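Colleague: Next comes input00.csv, CSV, C-alpha atoms and all ligand atoms:
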```csv
chain,number,residue,atom,x,y,z
A,1245,THR,CA,6.6,108.9,158.1
A,1246,THR,CA,6.1,109.4,154.4
A,1247,ALA,CA,8.7,108.8,151.8
A,1248,THR,CA,9.2,112.5,151.3
A,1249,ASP,CA,9.8,112.9,155.0
A,1250,GLN,CA,12.4,110.2,154.8
A,1251,LEU,CA,14.1,111.9,151.8
A,1252,SER,CA,14.1,115.3,153.4
A,1253,ARG,CA,15.5,113.8,156.6
A,1254,SER,CA,18.4,112.2,154.8
A,1255,ALA,CA,19.0,115.4,152.7
A,1256,LEU,CA,19.0,117.6,155.8
A,1257,LEU,CA,21.3,115.3,157.7
A,1258,PHE,CA,23.6,115.3,154.6
A,1259,LEU,CA,23.6,119.1,154.6
A,1260,SER,CA,24.2,119.2,158.3
A,1261,ARG,CA,27.7,117.9,157.5
A,1262,GLN,CA,28.6,120.4,154.8
A,1263,SER,CA,30.7,123.0,156.5
A,1264,ASN,CA,31.0,125.2,153.3
A,1265,LEU,CA,27.2,125.6,153.3
A,1266,LYS,CA,27.2,126.6,157.0
A,1267,ASP,CA,28.8,130.0,156.3
A,1268,VAL,CA,26.2,131.1,153.8
A,1269,ALA,CA,23.2,129.5,155.7
A,1270,THR,CA,24.0,131.0,159.1
A,1271,ARG,CA,24.0,134.5,157.6
A,1272,LEU,CA,20.4,134.2,156.4
A,1273,LYS,CA,18.0,136.0,158.7
A,1274,PRO,CA,15.0,133.5,158.6
A,1275,PHE,CA,17.4,130.7,159.2
A,1276,ARG,CA,18.9,132.4,162.2
A,1277,GLU,CA,15.5,133.3,163.5
A,1278,LEU,CA,14.2,129.7,163.4
A,1279,ALA,CA,17.5,128.6,164.9
A,1280,SER,CA,16.9,130.9,167.9
A,1281,ARG,CA,14.0,128.7,168.9
A,1282,PHE,CA,16.3,125.7,169.4
A,1283,ILE,CA,19.6,127.5,170.5
A,1284,ALA,CA,19.8,129.4,173.8
A,1285,GLY,CA,22.2,132.0,172.4
A,1286,GLU,CA,25.7,132.3,171.1
A,1287,THR,CA,27.3,133.2,174.5
A,1288,LEU,CA,27.6,131.5,177.9
A,1289,GLU,CA,25.7,134.4,179.6
A,1290,GLU,CA,22.7,134.1,177.2
A,1291,ALA,CA,22.5,130.4,178.0
A,1292,VAL,CA,22.7,131.2,181.8
A,1293,ASP,CA,19.7,133.5,181.3
A,1294,ALA,CA,17.8,130.8,179.5
A,1295,VAL,CA,18.5,128.4,182.3
A,1296,LYS,CA,17.5,130.8,185.0
A,1297,SER,CA,14.0,131.1,183.4
A,1298,LEU,CA,13.8,127.3,183.1
A,1299,THR,CA,14.6,127.1,186.8
A,1300,GLU,CA,11.7,129.5,187.5
A,1301,ARG,CA,9.4,127.0,185.7
A,1302,GLY,CA,10.7,124.1,187.9
A,1303,LEU,CA,12.9,122.6,185.2
A,1304,MET,CA,16.5,121.4,185.5
A,1305,ALA,CA,19.0,121.9,182.7
A,1306,SER,CA,22.0,120.4,181.0
A,1307,PHE,CA,24.2,123.1,179.3
A,1308,ASP,CA,25.8,122.0,176.0
A,1309,HIS,CA,28.5,124.2,174.4
A,1310,LEU,CA,28.1,123.4,170.7
A,1311,ASN,CA,31.3,122.9,168.8
A,1312,GLU,CA,31.6,120.1,166.3
A,1313,ALA,CA,34.2,122.1,164.4
A,1314,VAL,CA,37.2,121.4,166.5
A,1315,ARG,CA,40.2,120.4,164.4
A,1316,THR,CA,43.3,121.0,166.5
A,1317,PRO,CA,44.6,120.1,169.9
A,1318,GLN,CA,44.6,123.7,170.9
A,1319,GLU,CA,40.9,124.0,170.0
A,1320,THR,CA,40.1,121.0,172.2
A,1321,ARG,CA,41.9,122.6,175.1
A,1322,ASP,CA,39.9,125.8,174.6
A,1323,GLU,CA,36.8,123.6,174.9
A,1324,VAL,CA,38.0,122.1,178.2
A,1325,ARG,CA,38.6,125.6,179.5
A,1326,HIS,CA,35.2,126.7,178.4
A,1327,TYR,CA,33.5,123.8,180.2
A,1328,GLN,CA,35.5,124.6,183.4
A,1329,ARG,CA,34.3,128.2,183.2
A,1330,LEU,CA,30.8,126.9,182.6
A,1331,LEU,CA,30.9,124.6,185.7
A,1332,ALA,CA,32.2,127.5,187.8
A,1333,ARG,CA,29.4,129.7,186.6
A,1334,ILE,CA,26.7,127.1,187.3
A,1335,ASP,CA,28.0,126.9,190.9
A,1336,GLN,CA,28.0,130.7,191.2
A,1337,VAL,CA,24.5,131.2,189.8
A,1338,GLY,CA,23.1,128.2,191.8
A,1339,VAL,CA,20.9,126.8,189.1
A,1340,LYS,CA,20.0,123.1,189.0
A,1341,ALA,CA,22.1,122.2,186.0
A,1342,ASN,CA,24.8,119.8,184.8
A,1343,VAL,CA,26.7,119.7,181.5
A,1344,SER,CA,26.6,117.7,178.3
A,1345,MET,CA,29.7,117.4,176.1
A,1346,LYS,CA,30.7,115.6,172.9
A,1347,LEU,CA,34.0,113.7,172.7
A,1348,THR,CA,34.7,114.9,169.2
A,1349,GLN,CA,34.9,118.3,171.0
A,1350,CYS,CA,37.7,116.8,173.0
A,1351,GLY,CA,39.6,115.5,169.9
A,1352,LEU,CA,38.2,112.0,169.5
A,1353,LEU,CA,38.4,112.1,165.7
A,1354,PHE,CA,42.2,112.7,165.6
A,1355,ASP,CA,43.6,111.6,169.0
A,1356,LYS,CA,41.8,109.2,171.4
A,1357,GLY,CA,44.3,109.7,174.1
A,1358,LEU,CA,43.9,113.4,174.0
A,1359,ALA,CA,40.1,113.0,174.0
A,1360,LEU,CA,40.3,110.9,177.2
A,1361,GLN,CA,42.7,113.4,178.8
A,1362,ASN,CA,40.4,116.4,178.0
A,1363,ALA,CA,37.3,114.6,179.0
A,1364,ARG,CA,39.0,113.6,182.3
A,1365,ALA,CA,39.9,117.2,183.0
A,1366,VAL,CA,36.2,118.3,182.6
A,1367,VAL,CA,34.8,115.3,184.7
A,1368,ALA,CA,37.4,116.0,187.4
A,1369,ASP,CA,36.3,119.6,187.6
A,1370,ALA,CA,32.6,118.5,187.7
A,1371,ALA,CA,33.3,115.9,190.4
A,1372,SER,CA,35.1,118.4,192.6
A,1373,ARG,CA,31.9,120.5,192.4
A,1374,ASP,CA,29.6,117.5,192.9
A,1375,SER,CA,28.3,118.0,189.4
A,1376,PHE,CA,27.8,115.6,186.5
A,1377,VAL,CA,29.0,115.3,182.9
A,1378,ARG,CA,26.8,113.6,180.3
A,1379,VAL,CA,28.8,112.4,177.4
A,1380,ASP,CA,26.6,112.9,174.3
A,1381,MET,CA,26.5,110.1,171.7
A,1382,GLU,CA,27.5,110.9,168.1
A,1383,GLU,CA,27.8,108.9,164.9
A,1384,SER,CA,28.1,105.1,165.1
A,1385,ALA,CA,31.7,105.3,163.9
A,1386,VAL,CA,32.6,106.6,167.4
A,1387,THR,CA,30.0,104.6,169.6
A,1388,GLN,CA,32.5,102.1,170.8
A,1389,ALA,CA,35.3,104.6,171.5
A,1390,THR,CA,32.8,106.9,173.3
A,1391,LEU,CA,31.6,104.1,175.6
A,1392,ASP,CA,35.2,103.0,176.3
A,1393,ILE,CA,36.0,106.5,177.5
A,1394,VAL,CA,32.9,106.8,179.6
A,1395,ARG,CA,33.7,103.4,181.2
A,1396,GLU,CA,37.2,104.6,182.0
A,1397,LEU,CA,35.9,107.9,183.5
A,1398,HIS,CA,33.2,106.1,185.5
A,1399,ALA,CA,35.8,103.7,187.0
A,1400,GLU,CA,37.8,106.8,188.1
A,1401,PHE,CA,35.1,109.2,189.2
A,1402,GLY,CA,32.1,107.1,190.0
A,1403,GLU,CA,28.4,106.9,189.2
A,1404,PRO,CA,27.3,110.4,190.2
A,1405,HIS,CA,29.7,112.3,188.0
A,1406,VAL,CA,29.7,110.9,184.5
A,1407,GLY,CA,27.2,109.1,182.3
A,1408,ALA,CA,26.6,107.8,178.7
A,1409,VAL,CA,24.0,108.2,176.0
A,1410,LEU,CA,22.4,105.3,174.1
A,1411,GLN,CA,20.4,105.6,170.8
A,1412,SER,CA,17.5,103.2,170.3
A,1413,TYR,CA,17.9,103.3,166.5
A,1414,LEU,CA,21.2,101.3,166.8
A,1415,ARG,CA,20.9,97.5,166.7
A,1416,ARG,CA,23.7,97.2,169.3
A,1417,THR,CA,21.9,99.4,171.9
A,1418,GLU,CA,19.9,96.8,173.8
A,1419,ALA,CA,23.1,94.8,174.5
A,1420,ASP,CA,24.9,98.1,175.5
A,1421,ALA,CA,22.0,99.0,177.8
A,1422,LYS,CA,22.2,95.7,179.6
A,1423,ALA,CA,26.0,95.9,180.0
A,1424,LEU,CA,26.1,99.6,181.2
A,1425,CYS,CA,23.2,99.0,183.7
A,1426,ALA,CA,25.1,96.0,185.1
A,1427,GLU,CA,28.1,98.3,185.6
A,1428,ARG,CA,25.9,101.0,187.2
A,1429,ILE,CA,26.6,103.6,184.5
A,1430,ARG,CA,23.9,106.3,184.2
A,1431,ILE,CA,22.3,106.3,180.7
A,1432,ARG,CA,20.4,108.9,178.7
A,1433,LEU,CA,18.2,107.0,176.3
A,1434,CYS,CA,17.2,108.7,173.1
A,1435,LYS,CA,16.2,107.6,169.6
A,1436,GLY,CA,19.3,108.9,167.8
A,1437,ALA,CA,19.8,111.8,165.4
A,1438,TYR,CA,22.5,111.0,162.9
A,1439,LEU,CA,22.4,109.5,159.4
A,1440,GLU,CA,23.1,105.7,159.8
A,1441,GLY,CA,22.9,102.7,157.4
A,1442,PRO,CA,20.6,99.7,157.8
A,1443,GLN,CA,23.5,97.5,158.9
A,1444,VAL,CA,23.9,99.4,162.1
A,1445,ALA,CA,20.5,101.1,162.6
A,1446,PHE,CA,16.9,100.1,162.3
A,1447,PRO,CA,15.6,101.8,159.1
A,1448,ASP,CA,11.9,101.7,160.2
A,1449,LYS,CA,10.7,104.2,162.9
A,1450,LYS,CA,8.4,101.5,164.4
A,1451,ASP,CA,11.5,99.3,165.1
A,1452,VAL,CA,13.3,102.3,166.7
A,1453,ASP,CA,10.3,103.0,168.9
A,1454,ALA,CA,9.9,99.3,169.9
A,1455,ASN,CA,13.6,99.2,170.8
A,1456,PHE,CA,13.2,102.4,172.8
A,1457,VAL,CA,10.5,100.8,174.9
A,1458,ARG,CA,12.6,97.6,175.4
A,1459,CYS,CA,15.6,99.6,176.5
A,1460,MET,CA,13.6,102.0,178.7
A,1461,ARG,CA,12.3,98.9,180.6
A,1462,ILE,CA,15.9,97.7,181.1
A,1463,LEU,CA,16.9,101.1,182.4
A,1464,LEU,CA,13.9,101.5,184.8
A,1465,ASP,CA,14.4,98.0,186.2
A,1466,SER,CA,18.1,98.5,186.9
A,1467,GLY,CA,17.9,100.6,190.0
A,1468,VAL,CA,20.3,103.2,188.5
A,1469,TYR,CA,19.2,106.8,188.0
A,1470,HIS,CA,18.7,107.3,184.2
A,1471,GLY,CA,17.3,109.9,181.8
A,1472,ILE,CA,14.5,109.1,179.4
A,1473,ALA,CA,15.0,111.6,176.6
A,1474,THR,CA,12.2,112.0,174.1
A,1475,HIS,CA,9.3,114.3,173.1
A,1476,ASP,CA,7.3,111.3,171.9
A,1477,GLU,CA,4.1,111.1,174.0
A,1478,ARG,CA,3.8,107.4,173.2
A,1479,MET,CA,7.3,106.8,174.6
A,1480,ILE,CA,6.6,108.9,177.7
A,1481,ASP,CA,3.3,107.1,178.3
A,1482,ALA,CA,5.0,103.7,178.0
A,1483,THR,CA,7.6,104.9,180.5
A,1484,LEU,CA,5.0,106.2,183.0
A,1485,ALA,CA,3.1,102.9,182.7
A,1486,HIS,CA,6.1,100.8,183.3
A,1487,ALA,CA,7.2,102.9,186.3
A,1488,ASP,CA,3.7,102.5,187.8
A,1489,ARG,CA,3.7,98.7,187.2
A,1490,GLN,CA,7.1,98.4,188.9
A,1491,GLY,CA,6.0,100.7,191.7
A,1492,LEU,CA,8.9,103.2,191.1
A,1493,PRO,CA,8.6,106.4,193.1
A,1494,ARG,CA,8.7,109.7,191.3
A,1495,GLY,CA,12.3,110.8,191.0
A,1496,ALA,CA,13.7,107.3,190.3
A,1497,PHE,CA,14.6,108.6,186.9
A,1498,GLU,CA,14.2,111.9,185.0
A,1499,PHE,CA,12.6,112.9,181.7
A,1500,GLN,CA,14.8,115.0,179.3
A,1501,MET,CA,13.8,117.2,176.4
A,1502,LEU,CA,15.5,119.6,174.1
A,1503,TYR,CA,15.3,123.4,174.5
A,1504,GLY,CA,12.5,124.8,172.5
A,1505,ILE,CA,10.6,121.6,171.9
A,1506,ARG,CA,7.3,120.7,173.6
A,1507,ARG,CA,7.4,123.2,176.4
A,1508,ASP,CA,3.8,122.2,177.2
A,1509,LEU,CA,4.8,118.6,177.8
A,1510,GLN,CA,7.8,119.7,179.9
A,1511,GLU,CA,5.6,121.7,182.2
A,1512,ARG,CA,2.9,119.0,182.4
A,1513,LEU,CA,5.4,116.4,183.6
A,1514,VAL,CA,6.8,118.8,186.1
A,1515,LYS,CA,3.3,119.5,187.4
A,1516,GLU,CA,2.7,115.8,187.8
A,1517,GLY,CA,5.8,115.6,190.0
A,1518,HIS,CA,8.4,114.2,187.6
A,1519,PRO,CA,11.9,115.6,187.4
A,1520,VAL,CA,12.4,117.1,183.9
A,1521,ARG,CA,15.8,118.3,182.5
A,1522,VAL,CA,16.0,120.5,179.5
A,1523,TYR,CA,19.1,120.2,177.2
A,1524,VAL,CA,20.3,123.8,176.6
A,1525,PRO,CA,22.6,124.1,173.6
A,1526,TYR,CA,24.5,127.4,172.9
A,1527,GLY,CA,27.5,128.7,171.1
A,1528,LYS,CA,28.6,130.1,167.7
A,1529,HIS,CA,28.8,126.7,166.1
A,1530,TRP,CA,25.1,125.8,166.1
A,1531,TYR,CA,24.7,124.9,162.4
A,1532,PRO,CA,25.0,121.0,162.6
A,1533,TYR,CA,22.9,120.8,165.7
A,1534,PHE,CA,20.2,123.0,164.2
A,1535,MET,CA,20.2,120.9,161.0
A,1536,ARG,CA,19.6,117.7,162.9
A,1537,ARG,CA,16.6,119.4,164.6
A,1538,LEU,CA,15.3,120.4,161.1
A,1539,ALA,CA,15.8,116.8,159.9
A,1540,GLU,CA,13.6,115.5,162.8
A,1541,ARG,CA,10.7,117.6,161.6
A,1542,PRO,CA,11.2,118.6,157.9
A,1543,ALA,CA,8.0,120.7,158.3
A,1544,ASN,CA,10.2,123.2,160.2
A,1545,LEU,CA,11.9,123.8,157.0
A,1546,TRP,CA,8.8,125.3,155.3
A,1547,PHE,CA,9.0,128.1,157.9
A,1548,VAL,CA,12.5,129.0,156.7
A,1549,MET,CA,11.5,128.7,153.0
A,1550,ARG,CA,8.4,130.8,153.3
A,1551,ASN,CA,10.3,133.6,155.1
A,1552,LEU,CA,13.1,133.4,152.6
A,1553,MET,CA,10.6,133.9,149.7
A,1554,LYS,CA,9.1,136.9,151.5
A,1555,GLY,CA,12.7,138.4,151.3
B,1,LIG,P1,10.2,111.8,167.4
B,1,LIG,O1,11.3,112.3,166.5
B,1,LIG,O2,9.4,110.7,167.1
B,1,LIG,O3,9.3,113.1,167.8
B,1,LIG,C1,8.2,113.0,168.6
B,1,LIG,C2,7.5,114.4,168.7
B,1,LIG,O4,8.3,115.3,169.3
B,1,LIG,C3,7.2,115.0,167.3
B,1,LIG,O5,5.9,114.5,166.8
B,1,LIG,C4,7.1,116.4,167.6
B,1,LIG,O6,6.0,116.8,168.2
B,1,LIG,C5,8.2,116.6,168.6
B,1,LIG,N1,9.5,116.9,168.0
B,1,LIG,C6,10.6,116.1,167.9
B,1,LIG,N2,11.6,116.7,167.3
B,1,LIG,C7,11.2,117.9,167.0
B,1,LIG,C8,11.8,119.0,166.4
B,1,LIG,N3,13.1,119.0,166.0
B,1,LIG,N4,11.1,120.1,166.2
B,1,LIG,C9,9.8,120.2,166.7
B,1,LIG,N5,9.2,119.2,167.3
B,1,LIG,C10,9.9,118.0,167.5
B,1,LIG,N6,20.6,112.2,169.8
B,1,LIG,C11,21.8,111.7,169.6
B,1,LIG,O7,22.0,111.0,168.6
B,1,LIG,N7,22.7,111.8,170.6
B,1,LIG,C12,22.5,112.5,171.8
B,1,LIG,O8,23.4,112.5,172.6
B,1,LIG,C13,21.3,113.1,172.0
B,1,LIG,N8,21.0,113.8,173.1
B,1,LIG,C14,19.7,114.2,173.3
B,1,LIG,C15,19.3,114.8,174.6
B,1,LIG,C16,18.0,115.1,174.8
B,1,LIG,C17,17.7,115.7,176.2
B,1,LIG,C18,17.0,114.8,173.9
B,1,LIG,C19,15.6,115.1,174.2
B,1,LIG,C20,17.3,114.3,172.6
B,1,LIG,C21,18.7,114.0,172.4
B,1,LIG,N9,19.0,113.5,171.1
B,1,LIG,C22,20.3,112.9,171.0
B,1,LIG,C23,18.1,113.6,170.0
B,1,LIG,C24,17.2,112.3,169.8
B,1,LIG,O9,18.0,111.3,169.4
B,1,LIG,C25,16.1,112.6,168.8
B,1,LIG,O10,16.6,112.9,167.5
B,1,LIG,C26,15.1,113.7,169.2
B,1,LIG,O11,14.9,113.7,170.5
B,1,LIG,C27,13.8,113.5,168.4
B,1,LIG,O12,13.2,112.3,168.8
B,1,LIG,P2,11.9,112.1,169.8
B,1,LIG,O13,12.3,111.1,170.8
B,1,LIG,O14,11.5,113.4,170.3
B,1,LIG,O15,10.8,111.4,168.9
```
Give the structure from this file in structure tokens form.
Ligand code: FDA

Modeller:
Amino acid sequence: TTATDQLSRSALLFLSRQSNLKDVATRLKPFRELASRFIAGETLEEAVDAVKSLTERGLMASFDHLNEAVRTPQETRDEVRHYQRLLARIDQVGVKANVSMKLTQCGLLFDKGLALQNARAVVADAASRDSFVRVDMEESAVTQATLDIVRELHAEFGEPHVGAVLQSYLRRTEADAKALCAERIRIRLCKGAYLEGPQVAFPDKKDVDANFVRCMRILLDSGVYHGIATHDERMIDATLAHADRQGLPRGAFEFQMLYGIRRDLQERLVKEGHPVRVYVPYGKHWYPYFMRRLAERPANLWFVMRNLMKG
């Protein structure tokens, strides 16, 4: 990555947290248009339609109701009800899908007890339907609290119903990967998408990638069903090579990618017989999620700029 890319990345991640900007930006047509590439819609039914067409292409899904704007206990309870409605709808439609959820959505930033209680209600519902809740990972300030809650839910509901996410940009992640694998907790491994300082995260992309490969091997060697979440072909090739060396059968783990990114790669892996799950975000509060996607590839921004100039 060039210095300009680094700078745009930090700037975009900074902007992703400015809620006052959100209201203006989300009204701009070119901005909304580009967003629709990454967001499956604003409503549950739009997301269901998107997942139906993924299913037709042999892909599995994980629904994610976007809402990083929750501020009150009432709003967190609305999120729980939304997820319960979503789980019921998944059952009804019969698509191969589970759900992803953020603990800040459950109130983690203002009341950890409430966050646990809310997350428990969602996982209990998922478990009763034999489904699965992936607890997304957010900023490093909440990593420990998030893993604590996943551990508690895992103890209560078991391996098939709840799992964690680890980010290879964090220095602590290799140790977390070893510990969670020993406890047989399912992990989604990704690189990490938030703005983090050099004390907690590797500043150089090559170190993030090297750590991804190290952690991927820990996951694949653990005998637990994990998700390898990346669009980076070098990471995917390293994963396939390691799985081959270890003689792992197809289906011992799954690949995961984001809605709207590298469809070609998603389909190629499916054709080669690997399970692939697409993360399908939807909802009204798509601004911060979308800004993180722009930050991953600042070139995406030129598309918005060009169209804004055109008027
Ligand atoms: P990298 O950024 O190196 O990109 C590799 C290639 O992928 C690029 O060259 C490009 O071709 C393509 N690509 C990647 N991002 C793109 C974009 N935005 N637009 C267009 N092309 C793009 N993070 C987190 O902190 N917590 C979480 O819980 C999750 N959850 C999650 C689930 C799933 C299923 C995925 C795939 C990713 C996440 N992430 C996440 C995001 C993750 O941390 C990371 O930011 C992105 O996946 C981008 O990193 P890559 O591994 O794709 O590599």

Colleague: Report as a tab-separated table: every residue of chain A with an atom at most 7 Å from ligand LIG 1 (chain B), its closest pair of atoms, and their distance in Å to one decimal, counting only C-alpha atoms and all ligand atoms, with rows sorted by chain and ascending residue number.

Modeller:
```
residue	atom	partner	partner_atom	distance
A:Asp1380	CA	B:LIG1	O8	3.6
A:Met1381	CA	B:LIG1	O8	4.0
A:Glu1382	CA	B:LIG1	N7	5.5
A:Val1409	CA	B:LIG1	O8	5.5
A:Gln1411	CA	B:LIG1	O7	6.0
A:Cys1434	CA	B:LIG1	O9	4.6
A:Lys1435	CA	B:LIG1	O9	4.1
A:Gly1436	CA	B:LIG1	O9	3.2
A:Ala1437	CA	B:LIG1	O7	4.0
A:Tyr1438	CA	B:LIG1	O7	5.7
A:Ala1473	CA	B:LIG1	C19	4.3
A:Thr1474	CA	B:LIG1	O13	3.4
A:His1475	CA	B:LIG1	O14	3.7
A:Asp1476	CA	B:LIG1	C1	3.8
A:Gln1500	CA	B:LIG1	C17	4.3
A:Met1501	CA	B:LIG1	C19	3.5
A:Leu1502	CA	B:LIG1	C19	4.5
A:Ile1505	CA	B:LIG1	N5	5.4
A:Arg1506	CA	B:LIG1	C5	6.5
A:Val1522	CA	B:LIG1	C17	6.1
A:Tyr1523	CA	B:LIG1	C17	4.8
A:Arg1537	CA	B:LIG1	N3	3.8
A:Leu1538	CA	B:LIG1	N3	5.6
A:Glu1540	CA	B:LIG1	N3	4.8
A:Arg1541	CA	B:LIG1	C8	5.1
A:Asn1544	CA	B:LIG1	N4	6.8
```

Colleague: Could you list, as a ChimeraX atom specification, every residue within 9 Å of A:Gly1302, counting all atoms listed in the file and ignoring same-chain residues fewer than 2 positions away?

Modeller: /A:1297-1300,1304,1511,1514-1515,1519-1520

Colleague: Store the residues of this selection in a file with C-alpha atoms, as a PDB file, in the coordinates of the input.

Modeller:
```pdb
ATOM      1  CA  SER A1297      14.000 131.100 183.400  1.00  0.00           C
ATOM      2  CA  LEU A1298      13.800 127.300 183.100  1.00  0.00           C
ATOM      3  CA  THR A1299      14.600 127.100 186.800  1.00  0.00           C
ATOM      4  CA  GLU A1300      11.700 129.500 187.500  1.00  0.00           C
ATOM      5  CA  MET A1304      16.500 121.400 185.500  1.00  0.00           C
ATOM      6  CA  GLU A1511       5.600 121.700 182.200  1.00  0.00           C
ATOM      7  CA  VAL A1514       6.800 118.800 186.100  1.00  0.00           C
ATOM      8  CA  LYS A1515       3.300 119.500 187.400  1.00  0.00           C
ATOM      9  CA  PRO A1519      11.900 115.600 187.400  1.00  0.00           C
ATOM     10  CA  VAL A1520      12.400 117.100 183.900  1.00  0.00           C
TER      11      VAL A1520
END
```

Colleague: Rounded to one decimal, what separation in Å do you get between atom CA of A:Asp1267 and atom CA of A:Val1314?

Modeller: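 Here the two named atoms are 15.8 Å from each other.
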
Colleague: Given the choices A:Asp1249, A:Glu1286, A:Glu1396, A:Asp1293, which gets closest to A:Val1367 if the distance is worked out from all atoms listed in the file?

Modeller: A:Glu1396

Colleague: With only C-alpha atoms as the basis for distance, which of A:Asp1374, A:Asp1453, A:Asp1420, A:Asp1355 is at the shortest distance from A:His1405?

Modeller: A:Asp1374

Colleague: From the list A:Leu1347, A:Ala1279, A:Ala1368, A:Leu1414, which residue is nearest A:Gly1402 when using all atoms listed in the file?

Modeller: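 Answer, going by the shortest atom-to-atom distance: A:Ala1368.
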
Colleague: Check the smallest atom-to-atom distance from each of A:Arg1329, A:Arg1315, A:Arg1430, A:His1529 to A:Glu1403 using all atoms listed in the file, then report the winner.

Modeller: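 That would be A:Arg1430, the residue with the smallest distance to A:Glu1403.
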
Colleague: Please, which residues are within 10 Å of (12.0, 101.1, 186.6) by the file's coordinates, counting all atoms listed in the file, and could they come as a CSV table (one decimal) with C-alpha atoms, in the frame of the given file?

Modeller:
```csv
chain,number,residue,atom,x,y,z
A,1460,MET,CA,13.6,102.0,178.7
A,1461,ARG,CA,12.3,98.9,180.6
A,1462,ILE,CA,15.9,97.7,181.1
A,1463,LEU,CA,16.9,101.1,182.4
A,1464,LEU,CA,13.9,101.5,184.8
A,1465,ASP,CA,14.4,98.0,186.2
A,1466,SER,CA,18.1,98.5,186.9
A,1467,GLY,CA,17.9,100.6,190.0
A,1468,VAL,CA,20.3,103.2,188.5
A,1469,TYR,CA,19.2,106.8,188.0
A,1470,HIS,CA,18.7,107.3,184.2
A,1483,THR,CA,7.6,104.9,180.5
A,1484,LEU,CA,5.0,106.2,183.0
A,1485,ALA,CA,3.1,102.9,182.7
A,1486,HIS,CA,6.1,100.8,183.3
A,1487,ALA,CA,7.2,102.9,186.3
A,1488,ASP,CA,3.7,102.5,187.8
A,1489,ARG,CA,3.7,98.7,187.2
A,1490,GLN,CA,7.1,98.4,188.9
A,1491,GLY,CA,6.0,100.7,191.7
A,1492,LEU,CA,8.9,103.2,191.1
A,1493,PRO,CA,8.6,106.4,193.1
A,1496,ALA,CA,13.7,107.3,190.3
A,1497,PHE,CA,14.6,108.6,186.9
```

Colleague: Could you please determine the separation between atom CA of A:Arg1494 and atom CA of A:Gly1517 in Å, to one decimal place?

Modeller: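 Atom CA of A:Arg1494 sits 6.7 Å away from atom CA of A:Gly1517.
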
Colleague: Smallest atom-to-atom distance to A:Ala1359: which of A:Arg1512, A:Arg1333, A:Arg1321, A:Arg1416, using all atoms listed in the file?

Modeller: A:Arg1321

Colleague: Record the distance separating atom CA of A:Leu1397 and atom CA of A:Ile1472, expressed in Å with one decimal.

Modeller: 21.8 Å

Colleague: Which residue out of A:Tyr1526, A:Asp1448, A:Glu1477, A:Ser1344 has the minimum interatomic distance to A:Asp1508 when all atoms listed in the file are used?

Modeller: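 Looking at the shortest contact to A:Asp1508, the residue is A:Glu1477.
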